[in-house]
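Accompanying notes for the structure given below.
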Amino acid sequence: MYAKNIYTNISDEKLNAIKDFSADYIKYLSNSKTERLCLKESLALAKANGFKALEDYASLKAGDKVYFTNMDKNLALYVIGKNPIKDGLRILGAHIDSPRLDLKQNPLYESNGFALLDTHYYGGVKKYQWVTIPLALHGVICKKDGTIVDVNIGECETDPVVGISDLLIHLSANQMQKTADKLIEGENLDVTVGSIPLDGEEKDNVKKNVLKILNEKYGVDEEDFLSAEIEVVPAGNAREYGLDRSMIAGYGHDDRVCAYTSLRAILDSDAQDYTTCCILVDKEEIGSVGATGAQSTFFENTVAELLVKSGDTCYLSLKKAMENSKMLSSDVSAGYDPLFPEVNDSKNCAYLNNGVVFNKYTGARGKSGSNDASPEYFAWVRNAMDCNDVHFQTAELGKVDQGGGGTIAYILGNYNMNVVDAGIAVLNMHAPMEIVSKADVYETYLAYKAFLKQK
Ligand code: MN
Ligand code: MN
């Protein structure tokens, strides 16, 4: 169904399904504040649904469920199909990194009675949105002896939170003259973490007290920050939004909402003719680069491993498997916001509650950097939606030359496979609190399931 409100003539059965699905998603999102945590949560769900490591199989047959992980930040799940793998896959791919603030390698310093942690922001953020809100610290500290210490401060009721200060309005005469990009400078996104001096120390004694606390809790010293990966993220759980509870407010919907719906689609689908796949990748927000980004050979390598395990060792089969695949790049789109109508072309934008959003192209300045899906493929996709009564809509990110965005679509497109962006409309994208519609979340799960089984 094209561009119709999901709630029109909705059945009680579907209303209940939306309610249950969104409750599960709220838990998943609340436990997935970083890509590592999201991987952990996703892998646990996969294992609980019968997915096993490739090493656990002697050979592969239709219906076998296989998982691969990479550096604790990528997950690839496969349900082996009835056709040979070289005939191609049905792939759902989402990213599990979200914009945030990362601690620098030498983060801790003391200034005028306060201890602070210096950060470098990750991904596209409006810096002024990240001050005066409760923040949590998540990540790992890797010690020289090989031990990895998990850090988690600010989520539990009894935990303290941290935060970044802003100037009081009373003294902001000069600050208020600045443009929004300069209001809070990136270098000033420093997190306040303490103010009590350690007894008996003379220099930097507030900083030393913070180090003492970290040493007691985690057994680490200041130099261990050199090999740490600690992300500063909004503290607290995702929750229902709106008096009618129709929406979900939370940090990191982009793109964990598409990760969750893709994951659940594959967990809840039986073996199909084609081998089905869900990949969760990292680093999309900074260009999909590196070993854990979509540009990594990790994904291709896992397909090669599947082929070998199925007894197909022909190199060309790998090329064919990639080329014959169809993919939905599961990523969020910009929802129409009634407070900012001027950035959208109203007939080519995504509306909350109207179902899964297809972006034929993204990019900026004349579709630059976009995948731009072929119309032949999109005809196949919309047929899959209509065959399964799925609510869908099509959109561009905004008006021409208003801005733009990226996805992983073009990267997989480079394998000569058909890819189109398909995801959920989000309000406040990249803000510490993003908003999605519960009905869209459930509908997108249905869309992904419809895609996986389409012949
Ligand atoms: Mn995204
Ligand atoms: Mn994004």
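As shown in the structure tokens, the chain order sets the letters A, B, ...; within each chain, residues go from 1, and ligands are also counted from 1 in the order they appear.
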- Task: Please extract the residues at most 12 Å from ligand 1, counting only C-alpha atoms and all ligand atoms, and provide them as a count of residues only, using the chain letters and residue numbers of this document.
- Result: 48
- Task: Mind the document's chain letters and residue numbers, and return as number ranges by chain the residues of segment 138-282 of chain A that DSSP labels strand (DSSP E).
- Result: A: 138-142, 148-153, 191-194, 228-234, 239-241, 247-250, 275-281
- Message: So, with only C-alpha atoms and all ligand atoms as the atoms that count, which of A:Ala271, A:Val125, A:Met176, A:Ala136 lies closest to ligand 2?
- Response: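 Counting only C-alpha atoms and all ligand atoms, the residue closest to ligand 2 is A:Val125.
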- Query: Do you know which residues are at most 12 Å from Gly366 of chain A counting only C-alpha atoms, after dropping those on the same chain fewer than 5 positions away, and could you put them as a PyMOL selection string?
  - Reply: chain A and resi 361+372+399-404
- Item | Closest of A:Asn428, A:Asn9, A:Gln105, A:Ser111 to ligand 2 - atom-to-atom distances counting only C-alpha atoms and all ligand atoms | A:Asn428
- Item | Polymer residues at most 9 Å from Lys126 of chain A, only C-alpha atoms, same-chain spacing of 3 or more positions, as JSON, numbers by chain | {"A": [129, 130, 180, 181, 184, 430, 431]}
- Quick one: of A:Tyr315, A:Glu305, A:Leu267, A:Val161, who's nearest to Leu45 of chain A, counting only C-alpha atoms?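 Closest candidate: A:Leu267.
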- Message: For a quick check of understanding, using only C-alpha atoms and all ligand atoms, which of A:Asp440, A:Asp72, A:Glu323, A:Glu434 has the smallest distance to ligand 2?
- Response: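 Distance minimum relative to ligand 2 lands on A:Glu434.
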- Query: atom CA of Phe114 of chain A to atom CA of Lys144 of chain A: how many Å, to one decimal?
  - Reply: 29.0 Å
- Task: Name all residues at most 6 Å from Lys65 of chain A (count only C-alpha atoms; drop same-chain ones fewer than 3 positions away) and give them as a VMD selection string.
- Result: chain A and resid 51 78 to 79
Generate a file of the selected residues that holds N, CA, C and O atoms, formatted as a compact mmCIF listing (two decimals), in the first residue's frame.
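Wrote it out as selection03.txt, contents follow:
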# COMPACT_ATOMS: atom_id res chain seq x y z
N PHE A 51 21.05 -19.67 15.76
CA PHE A 51 22.21 -19.39 14.89
C PHE A 51 23.48 -19.92 15.55
O PHE A 51 23.67 -19.78 16.76
N TYR A 78 23.21 -15.61 8.42
CA TYR A 78 22.72 -16.22 7.19
C TYR A 78 21.75 -17.35 7.51
O TYR A 78 22.00 -18.13 8.43
N VAL A 79 20.67 -17.43 6.74
CA VAL A 79 19.84 -18.63 6.74
C VAL A 79 20.01 -19.24 5.35
O VAL A 79 19.65 -18.61 4.34
- Could you please write out, as JSON, numbers by chain, every residue of segment 294-336 of chain A that DSSP assigns to helix (DSSP H, G or I)? {"A": [298, 299, 300, 301, 302, 303, 304, 305, 306, 307, 308, 309, 315, 316, 317, 318, 319, 320, 321, 322, 323]}
- Message: Set the distance at 10 Å and use only C-alpha atoms: which residues neighbour Lys143 of chain A once local chain neighbours fewer than 6 positions away are removed? I'd like the list as a ChimeraX atom specification.
- Response: /A:149,219-221,223-228
- Could you please determine the separation between atom CA of Phe298 of chain A and atom CA of Cys278 of chain A in Å, to one decimal place? 13.2 Å
Residues near Gly413 of chain A, anyone? I mean within 12 Å using only C-alpha atoms, not counting same-chain ones fewer than 3 positions away, as an mmCIF file with N, CA, C and O atoms, in the first residue's frame.
data_model
loop_
_atom_site.group_PDB
_atom_site.id
_atom_site.type_symbol
_atom_site.label_atom_id
_atom_site.label_comp_id
_atom_site.auth_asym_id
_atom_site.auth_seq_id
_atom_site.Cartn_x
_atom_site.Cartn_y
_atom_site.Cartn_z
ATOM 1 N N ILE A 91 19.760 -9.696 0.983
ATOM 2 C CA ILE A 91 20.559 -9.094 2.062
ATOM 3 C C ILE A 91 19.850 -7.893 2.687
ATOM 4 O O ILE A 91 19.365 -6.994 1.981
ATOM 5 N N ALA A 294 31.360 -0.816 6.197
ATOM 6 C CA ALA A 294 30.786 -1.587 5.084
ATOM 7 C C ALA A 294 31.786 -1.799 3.955
ATOM 8 O O ALA A 294 31.634 -2.711 3.150
ATOM 9 N N GLN A 295 32.827 -0.945 3.883
ATOM 10 C CA GLN A 295 33.819 -1.126 2.818
ATOM 11 C C GLN A 295 34.799 -2.255 3.102
ATOM 12 O O GLN A 295 35.603 -2.629 2.244
ATOM 13 N N MET A 322 27.680 -12.497 -5.259
ATOM 14 C CA MET A 322 27.543 -11.071 -4.949
ATOM 15 C C MET A 322 26.696 -10.381 -6.022
ATOM 16 O O MET A 322 25.762 -9.631 -5.714
ATOM 17 N N GLU A 323 27.025 -10.651 -7.270
ATOM 18 C CA GLU A 323 26.350 -9.983 -8.390
ATOM 19 C C GLU A 323 24.861 -10.353 -8.478
ATOM 20 O O GLU A 323 24.033 -9.525 -8.848
ATOM 21 N N ASN A 324 24.552 -11.578 -8.126
ATOM 22 C CA ASN A 324 23.159 -12.030 -8.229
ATOM 23 C C ASN A 324 22.319 -11.665 -7.005
ATOM 24 O O ASN A 324 21.146 -12.023 -6.926
ATOM 25 N N SER A 325 22.925 -10.990 -6.062
ATOM 26 C CA SER A 325 22.202 -10.674 -4.821
ATOM 27 C C SER A 325 21.298 -9.464 -4.988
ATOM 28 O O SER A 325 21.501 -8.621 -5.871
ATOM 29 N N LYS A 326 20.316 -9.407 -4.119
ATOM 30 C CA LYS A 326 19.474 -8.211 -4.001
ATOM 31 C C LYS A 326 19.584 -7.736 -2.565
ATOM 32 O O LYS A 326 19.627 -8.550 -1.642
ATOM 33 N N MET A 327 19.586 -6.427 -2.404
ATOM 34 C CA MET A 327 19.787 -5.903 -1.053
ATOM 35 C C MET A 327 18.859 -4.734 -0.742
ATOM 36 O O MET A 327 18.559 -3.919 -1.607
ATOM 37 N N LEU A 328 18.430 -4.684 0.513
ATOM 38 C CA LEU A 328 17.858 -3.461 1.058
ATOM 39 C C LEU A 328 18.903 -2.893 2.003
ATOM 40 O O LEU A 328 19.331 -3.565 2.947
ATOM 41 N N SER A 329 19.337 -1.683 1.730
ATOM 42 C CA SER A 329 20.209 -0.986 2.657
ATOM 43 C C SER A 329 19.275 -0.394 3.713
ATOM 44 O O SER A 329 18.574 0.580 3.472
ATOM 45 N N GLY A 369 27.416 11.008 -4.645
ATOM 46 C CA GLY A 369 27.674 10.029 -3.594
ATOM 47 C C GLY A 369 26.526 9.065 -3.360
ATOM 48 O O GLY A 369 26.524 8.303 -2.402
ATOM 49 N N SER A 370 25.545 9.091 -4.273
ATOM 50 C CA SER A 370 24.359 8.266 -4.065
ATOM 51 C C SER A 370 24.427 6.980 -4.878
ATOM 52 O O SER A 370 25.119 6.883 -5.881
ATOM 53 N N ASN A 371 23.639 6.004 -4.444
ATOM 54 C CA ASN A 371 23.570 4.714 -5.128
ATOM 55 C C ASN A 371 22.610 4.766 -6.319
ATOM 56 O O ASN A 371 22.845 4.156 -7.337
ATOM 57 N N ASP A 372 21.550 5.526 -6.190
ATOM 58 C CA ASP A 372 20.511 5.685 -7.222
ATOM 59 C C ASP A 372 20.069 4.348 -7.828
ATOM 60 O O ASP A 372 20.523 3.942 -8.902
ATOM 61 N N ALA A 373 19.159 3.685 -7.128
ATOM 62 C CA ALA A 373 18.704 2.349 -7.519
ATOM 63 C C ALA A 373 18.040 2.342 -8.887
ATOM 64 O O ALA A 373 17.455 3.338 -9.315
ATOM 65 N N SER A 374 18.131 1.207 -9.552
ATOM 66 C CA SER A 374 17.538 1.104 -10.890
ATOM 67 C C SER A 374 16.024 0.938 -10.778
ATOM 68 O O SER A 374 15.529 0.299 -9.843
ATOM 69 N N THR A 407 24.696 6.553 2.980
ATOM 70 C CA THR A 407 24.279 5.231 3.459
ATOM 71 C C THR A 407 25.340 4.239 2.993
ATOM 72 O O THR A 407 26.327 4.632 2.376
ATOM 73 N N ILE A 408 25.071 2.958 3.253
ATOM 74 C CA ILE A 408 26.014 1.940 2.774
ATOM 75 C C ILE A 408 25.586 1.388 1.407
ATOM 76 O O ILE A 408 26.254 0.513 0.865
ATOM 77 N N ALA A 409 24.483 1.891 0.838
ATOM 78 C CA ALA A 409 23.914 1.293 -0.378
ATOM 79 C C ALA A 409 24.924 1.203 -1.522
ATOM 80 O O ALA A 409 25.073 0.161 -2.152
ATOM 81 N N TYR A 410 25.636 2.306 -1.783
ATOM 82 C CA TYR A 410 26.520 2.317 -2.951
ATOM 83 C C TYR A 410 27.698 1.356 -2.804
ATOM 84 O O TYR A 410 28.255 0.887 -3.790
ATOM 85 N N ASN A 416 28.031 -4.884 -8.045
ATOM 86 C CA ASN A 416 27.120 -5.042 -9.176
ATOM 87 C C ASN A 416 25.807 -5.715 -8.758
ATOM 88 O O ASN A 416 25.156 -6.390 -9.551
ATOM 89 N N MET A 417 25.442 -5.553 -7.494
ATOM 90 C CA MET A 417 24.144 -6.076 -7.059
ATOM 91 C C MET A 417 23.139 -4.922 -6.984
ATOM 92 O O MET A 417 23.520 -3.756 -6.932
ATOM 93 N N ASN A 418 21.868 -5.278 -7.022
ATOM 94 C CA ASN A 418 20.819 -4.270 -6.886
ATOM 95 C C ASN A 418 20.608 -3.919 -5.421
ATOM 96 O O ASN A 418 20.422 -4.810 -4.595
ATOM 97 N N VAL A 419 20.627 -2.627 -5.122
ATOM 98 C CA VAL A 419 20.458 -2.148 -3.750
ATOM 99 C C VAL A 419 19.554 -0.923 -3.745
ATOM 100 O O VAL A 419 19.657 -0.079 -4.634
ATOM 101 N N VAL A 420 18.685 -0.853 -2.756
ATOM 102 C CA VAL A 420 17.937 0.393 -2.554
ATOM 103 C C VAL A 420 17.842 0.638 -1.051
ATOM 104 O O VAL A 420 17.803 -0.316 -0.264
ATOM 105 N N ASP A 421 17.824 1.900 -0.662
ATOM 106 C CA ASP A 421 17.682 2.238 0.752
ATOM 107 C C ASP A 421 16.243 2.057 1.200
ATOM 108 O O ASP A 421 15.317 2.503 0.524
#
